[in-house]
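Engineer: Input file: final-v5.cif. Contents: mmCIF, C-alpha atoms.
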data_run
loop_
_atom_site.label_atom_id
_atom_site.label_comp_id
_atom_site.auth_asym_id
_atom_site.auth_seq_id
_atom_site.Cartn_x
_atom_site.Cartn_y
_atom_site.Cartn_z
CA MET A 11 42.93 30.31 59.07
CA ALA A 12 41.09 27.25 57.78
CA THR A 13 43.33 24.29 56.98
CA PHE A 14 42.09 23.21 53.58
CA ARG A 15 43.83 22.93 50.23
CA LYS A 16 42.33 23.97 46.92
CA ILE A 17 42.57 21.53 44.03
CA HIS A 18 41.56 23.01 40.69
CA THR A 19 39.41 20.85 38.42
CA THR A 20 42.05 21.19 35.71
CA PHE A 21 44.40 19.11 37.86
CA TRP A 22 43.14 15.93 36.21
CA THR A 23 43.45 17.32 32.68
CA ASP A 24 46.92 18.73 33.14
CA PRO A 25 49.23 17.19 30.49
CA TYR A 26 51.77 16.28 33.17
CA VAL A 27 49.19 14.56 35.38
CA GLU A 28 47.63 12.74 32.41
CA GLU A 29 50.93 10.95 31.80
CA LEU A 30 51.24 9.74 35.40
CA THR A 31 50.45 6.20 36.51
CA GLN A 32 47.65 5.52 38.98
CA GLU A 33 50.11 5.28 41.85
CA GLN A 34 51.89 8.49 40.81
CA LYS A 35 48.61 10.44 40.58
CA LEU A 36 47.54 9.31 44.03
CA PHE A 37 50.96 10.07 45.50
CA TYR A 38 51.15 13.54 43.91
CA LEU A 39 47.65 14.39 45.14
CA TYR A 40 48.65 13.22 48.60
CA LEU A 41 51.74 15.43 48.64
CA ILE A 42 49.68 18.58 48.07
CA THR A 43 46.73 17.73 50.34
CA ASN A 44 47.99 15.74 53.33
CA THR A 45 47.58 16.94 56.92
CA LYS A 46 51.22 18.08 57.15
CA THR A 47 51.00 20.58 54.28
CA SER A 48 51.27 24.26 55.09
CA GLN A 49 50.34 27.61 53.60
CA SER A 50 53.96 28.05 52.50
CA GLY A 51 54.05 24.83 50.46
CA ILE A 52 56.97 23.49 52.51
CA TYR A 53 56.44 21.06 55.35
CA GLU A 54 58.14 18.41 57.44
CA ILE A 55 57.09 14.80 57.01
CA THR A 56 58.90 11.49 57.36
CA LYS A 57 58.92 8.72 54.79
CA LYS A 58 57.58 6.38 57.44
CA TYR A 59 54.59 8.65 57.99
CA ILE A 60 53.95 8.85 54.23
CA ALA A 61 54.03 5.06 53.98
CA TYR A 62 51.63 4.76 56.92
CA GLU A 63 49.04 7.17 55.48
CA THR A 64 49.22 6.09 51.83
CA GLY A 65 49.71 2.37 52.27
CA PHE A 66 52.78 2.40 50.00
CA THR A 67 55.83 0.39 51.03
CA PRO A 68 59.00 2.27 52.09
CA LYS A 69 60.57 1.21 48.78
CA GLN A 70 57.63 2.64 46.81
CA VAL A 71 57.79 5.89 48.79
CA ASN A 72 61.49 6.28 47.95
CA GLU A 73 60.87 5.56 44.28
CA LEU A 74 57.93 7.99 44.04
CA LEU A 75 59.80 10.79 45.83
CA SER A 76 62.75 10.29 43.47
CA PHE A 77 60.42 10.37 40.46
CA PHE A 78 58.78 13.67 41.39
CA GLU A 79 62.14 15.20 42.29
CA GLY A 80 63.44 14.11 38.91
CA THR A 81 60.55 15.87 37.15
CA ASP A 82 61.13 19.02 39.24
CA LYS A 83 57.74 18.91 40.96
CA ILE A 84 59.08 18.61 44.48
CA SER A 85 62.33 19.04 46.36
CA TYR A 86 63.05 16.75 49.28
CA SER A 87 65.62 17.27 52.05
CA ALA A 88 66.77 13.97 53.53
CA GLU A 89 68.62 15.85 56.27
CA THR A 90 65.53 17.63 57.62
CA ASN A 91 62.72 15.36 56.28
CA GLU A 92 61.11 18.35 54.59
CA ILE A 93 59.33 18.58 51.24
CA ALA A 94 58.81 21.65 49.07
CA ILE A 95 56.14 21.69 46.36
CA ILE A 96 58.01 23.58 43.65
CA ASN A 97 55.04 25.24 41.89
CA TRP A 98 53.19 26.01 45.12
CA SER A 99 53.65 29.79 45.04
CA LYS A 100 52.75 29.87 41.34
CA PHE A 101 49.32 28.30 41.84
CA ASN A 102 48.65 29.56 45.36
CA TYR A 103 49.91 33.14 45.11
CA ASN A 104 48.06 35.57 47.36
CA LYS A 105 49.15 39.03 48.51
CA SER A 106 46.64 39.19 51.36
CA HIS A 107 48.25 40.46 54.56
CA LYS A 108 46.83 37.50 56.52
CA VAL A 109 48.07 34.95 54.00
CA LEU A 110 51.56 36.47 53.83
CA LYS A 111 51.76 36.54 57.61
CA CYS A 112 50.77 32.88 57.70
CA ILE A 113 53.47 32.08 55.12
CA TYR A 114 56.05 33.98 57.15
CA ASP A 115 55.08 32.11 60.34
CA ASP A 116 55.29 28.78 58.50
CA LEU A 117 58.73 29.56 57.09
CA GLN A 118 60.11 30.23 60.57
CA LEU A 119 59.62 26.53 61.29
CA ILE A 120 61.45 25.33 58.16
CA LYS A 121 64.98 24.10 58.79
CA SER A 122 66.20 24.00 55.17
CA THR A 123 66.63 27.49 53.72
CA GLU A 124 67.54 25.88 50.39
CA LEU A 125 63.96 24.63 50.06
CA ILE A 126 62.66 28.12 50.83
CA LYS A 127 64.84 29.62 48.10
CA LYS A 128 63.49 27.18 45.52
CA ILE A 129 59.87 28.26 46.02
CA TYR A 130 60.27 31.85 47.19
CA ASN A 131 62.85 32.95 44.68
CA GLU A 132 63.82 36.39 43.36
CA VAL A 133 60.85 36.38 40.95
CA TYR A 134 58.40 35.89 43.83
CA ILE A 135 60.08 38.62 45.90
CA GLN A 136 60.02 41.06 42.98
CA LYS A 137 56.33 40.34 42.48
CA LEU A 138 55.60 41.25 46.09
CA ILE A 139 57.64 44.44 45.78
CA ASP A 140 56.00 45.47 42.50
CA GLU A 141 52.54 44.98 43.96
CA GLU A 142 53.53 47.00 47.04
CA SER A 143 52.77 44.29 49.55
CA LYS A 144 52.07 45.71 53.00
CA TYR A 145 53.68 42.77 54.76
CA SER A 146 57.28 43.94 54.50
CA VAL A 147 58.49 41.47 57.17
CA LEU A 148 58.21 38.58 54.71
CA ILE A 149 60.00 40.55 51.97
CA GLU A 150 62.86 41.44 54.32
CA TYR A 151 63.12 37.83 55.49
CA LEU A 152 63.27 36.44 51.94
CA LEU A 153 65.78 39.06 50.85
CA GLY A 154 67.90 38.07 53.83
CA ILE A 155 68.17 34.38 52.92
CA HIS A 156 68.99 35.20 49.28
CA THR A 157 71.98 37.40 50.17
CA VAL A 158 75.57 36.17 50.53
CA SER A 159 76.32 34.05 53.57
CA ILE A 160 77.72 35.65 56.73
CA PRO A 161 81.07 33.77 56.59
CA LYS A 162 81.62 34.96 53.00
CA LEU A 163 80.68 38.53 53.95
CA GLN A 164 83.07 38.45 56.92
CA GLN A 165 85.84 37.13 54.69
CA GLU A 166 85.34 39.98 52.22
CA GLU A 167 85.38 42.54 55.05
CA GLU A 168 88.58 41.06 56.52
CA GLN A 169 90.24 41.12 53.10
CA ALA A 170 89.27 44.78 52.63
CA GLN A 171 90.71 45.65 56.06
CA GLU A 172 93.97 43.85 55.22
CA GLU A 173 94.28 45.83 51.97
CA VAL A 174 93.77 49.09 53.87
CA GLN A 175 96.41 48.11 56.43
CA GLU A 176 98.87 47.24 53.66
CA GLU A 177 98.34 50.67 52.08
CA VAL A 178 98.91 52.35 55.44
CA GLN A 179 102.13 50.38 55.94
CA VAL A 180 103.46 50.95 52.42
CA GLN A 181 102.96 54.72 52.41
CA PRO A 182 105.31 55.50 55.36
CA GLN A 183 107.88 53.08 53.93
CA VAL A 184 107.85 54.94 50.59
CA GLU A 185 108.17 58.30 52.33
CA LEU A 186 111.06 57.00 54.46
CA GLU A 187 112.90 55.71 51.37
CA GLU A 188 112.46 59.09 49.66
CA GLU A 189 113.78 60.93 52.72
CA GLU A 190 116.80 58.63 52.91
CA LYS A 191 117.45 59.17 49.21
CA ASP A 192 117.29 62.97 49.59
CA GLN A 193 119.60 62.81 52.61
CA GLU A 194 122.13 60.71 50.72
CA GLN A 195 122.13 63.19 47.81
CA SER A 196 122.60 66.10 50.22
CA GLU A 197 125.50 64.36 51.95
CA ARG A 198 127.18 63.58 48.62
CA LEU A 199 126.85 67.24 47.60
CA ILE A 200 128.32 68.41 50.90
CA ASP A 201 131.17 65.89 50.57
CA THR A 202 132.00 67.24 47.13
CA ILE A 203 131.98 70.84 48.29
CA VAL A 204 133.96 70.09 51.45
CA LYS A 205 136.61 68.10 49.60
CA GLU A 206 136.99 70.45 46.61
CA PRO A 207 135.45 73.86 47.44
CA PRO A 208 135.63 76.59 44.75
CA LEU A 209 138.20 78.82 46.52
CA GLU A 210 138.96 82.43 45.70
CA GLU A 211 142.10 84.34 46.50
CA GLY A 212 142.42 84.77 50.24
CA GLY A 213 140.94 81.35 51.02
CA SER A 214 137.24 82.28 50.77
CA ILE A 215 134.84 80.16 48.78
CA ARG A 216 133.71 81.66 45.49
CA GLY A 217 130.14 82.98 45.67
CA TRP A 218 129.86 82.39 49.43
CA ASP A 219 129.87 85.02 52.16
CA ILE A 220 132.23 84.73 55.11
CA LYS A 221 129.55 83.26 57.42
CA SER A 222 128.72 80.47 54.96
CA THR A 223 132.39 79.81 54.34
CA ASN A 224 133.02 79.45 58.07
CA LYS A 225 130.07 77.02 58.35
CA LEU A 226 131.44 74.89 55.54
CA ASN A 227 134.84 74.85 57.20
CA GLU A 228 133.16 73.60 60.38
CA LEU A 229 131.57 70.73 58.39
CA LYS A 230 134.94 69.97 56.86
CA SER A 231 136.62 69.80 60.26
CA LEU A 232 133.89 67.52 61.58
CA ARG A 233 134.29 65.10 58.69
CA GLN A 234 138.03 64.99 59.17
#
What's the structure tokens form of this structure?
Structural biologist:
Amino acid sequence: MATFRKIHTTFWTDPYVEELTQEQKLFYLYLITNTKTSQSGIYEITKKYIAYETGFTPKQVNELLSFFEGTDKISYSAETNEIAIINWSKFNYNKSHKVLKCIYDDLQLIKSTELIKKIYNEVYIQKLIDEESKYSVLIEYLLGIHTVSIPKLQQEEEQAQEEVQEEVQVQPQVELEEEEKDQEQSERLIDTIVKEPPLEEGGSIRGWDIKSTNKLNELKSLRQ
């Protein structure tokens, strides 16, 4: 794919650009047309390299980068020396399979996923989905970096497993307590009957047959 960047003629009449100083206009134009730019709108470039190509001093480069970050036109990662042109996807949107593949390939080289999220946000993803883009690999990739982080997901899964284990442990404990309670009630009832059985004349227990009476007498002898 040809490495050229389109600059619309309305660039110079844009209200934002009209308010820029001469240095700011030149710097902004450089950021969107230099040899390091990519189809994705995110690229790696050092401040030293910018100073070398533009002729600005390192101090001027820092000041200009801070200015355009402050006006939300770019996002700069000092950790990875990468720049994202915030409105890139808005003015360079293309659903061509070749273009999307080129964007996907470019993004694989980007170290800062935070910069990717700023340009290729949920609105961009939804636009691709609504227009039934055939390059699903890019959609899946962007959806992946917008989901919750793996450590957070693992933490939620571990917490869910702990809750399940607690439920499993509590249930047998409850059942055991109920069984012990029933056993205690049964023993108290037997103690009452053994100690003060409702006897009839002849020594048999009222309402009990001889076999049951004998069994109760056995329990009584065991407790004594």
Engineer: Is it possible to get the axis-aligned box enclosing region 50-62 of chain A (all listed atoms, 4 Å extra per side) as lines of an AutoDock Vina configuration file, with centre and edge lengths in Å rounded to one decimal?
Structural biologist:
center_x = 55.3
center_y = 16.4
center_z = 54.2
size_x = 15.3
size_y = 31.3
size_z = 15.5
Engineer: Could you expand the PyMOL selection byres ((chain A and resi 119-126) around 9) into the explicit residues it covers here, written as a PyMOL selection string?
Structural biologist: chain A and resi 50+52-54+85-87+89-90+92-94+96+115-118+127-131+152+155
Engineer: Pick from A:Glu33, A:His18, A:Gly80, A:Gln49: nearest to Gly65 (chain A), with all atoms listed in the file counted?
Structural biologist: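 Between A:Glu33, A:His18, A:Gly80, A:Gln49, the residue approaching Gly65 (chain A) most closely is A:Glu33.
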Engineer: Which of these residues is nearest to Lys108 (chain A), using all atoms listed in the file: A:Leu39, A:Leu148, A:Ala61, A:Val71?
Structural biologist: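 Closest residue, counting all atoms listed in the file: A:Leu148.
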Engineer: Tell me which of A:Tyr103, A:Tyr62, A:Trp98, A:Phe78 sits closest to Thr47 (chain A), counting all atoms listed in the file.
Structural biologist: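 Under the stated criterion, the closest residue is A:Trp98.
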Engineer: In Å, how far is it from CA of Ile95 (chain A) to CA of Gly51 (chain A)?
Structural biologist: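 Distance between the two atoms: 5.6 Å.
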Engineer: My list of candidates is A:Asp82, A:Glu28, A:Glu73, A:Glu132. Which is closest to Lys57 (chain A) when distances are computed with all atoms listed in the file?
Structural biologist: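 Nearest candidate to Lys57 (chain A) out of A:Asp82, A:Glu28, A:Glu73, A:Glu132: A:Glu73.
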Engineer: One decimal, in Å: what's the spacing between CA of Glu29 (chain A) and CA of Thr45 (chain A)?
Structural biologist: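 Pair CA of Glu29 (chain A) / CA of Thr45 (chain A) returns 26.0 Å.
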Engineer: What is the CA of Leu41 (chain A) to CA of Cys112 (chain A) distance in Å?
Structural biologist: 19.7 Å
Engineer: Go through A:Thr56, A:Lys83, A:Lys35, A:Ile139 and flag the residue nearest Pro68 (chain A), using all atoms listed in the file for the distances.
Structural biologist: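 The answer is A:Thr56, which sits nearest to Pro68 (chain A).
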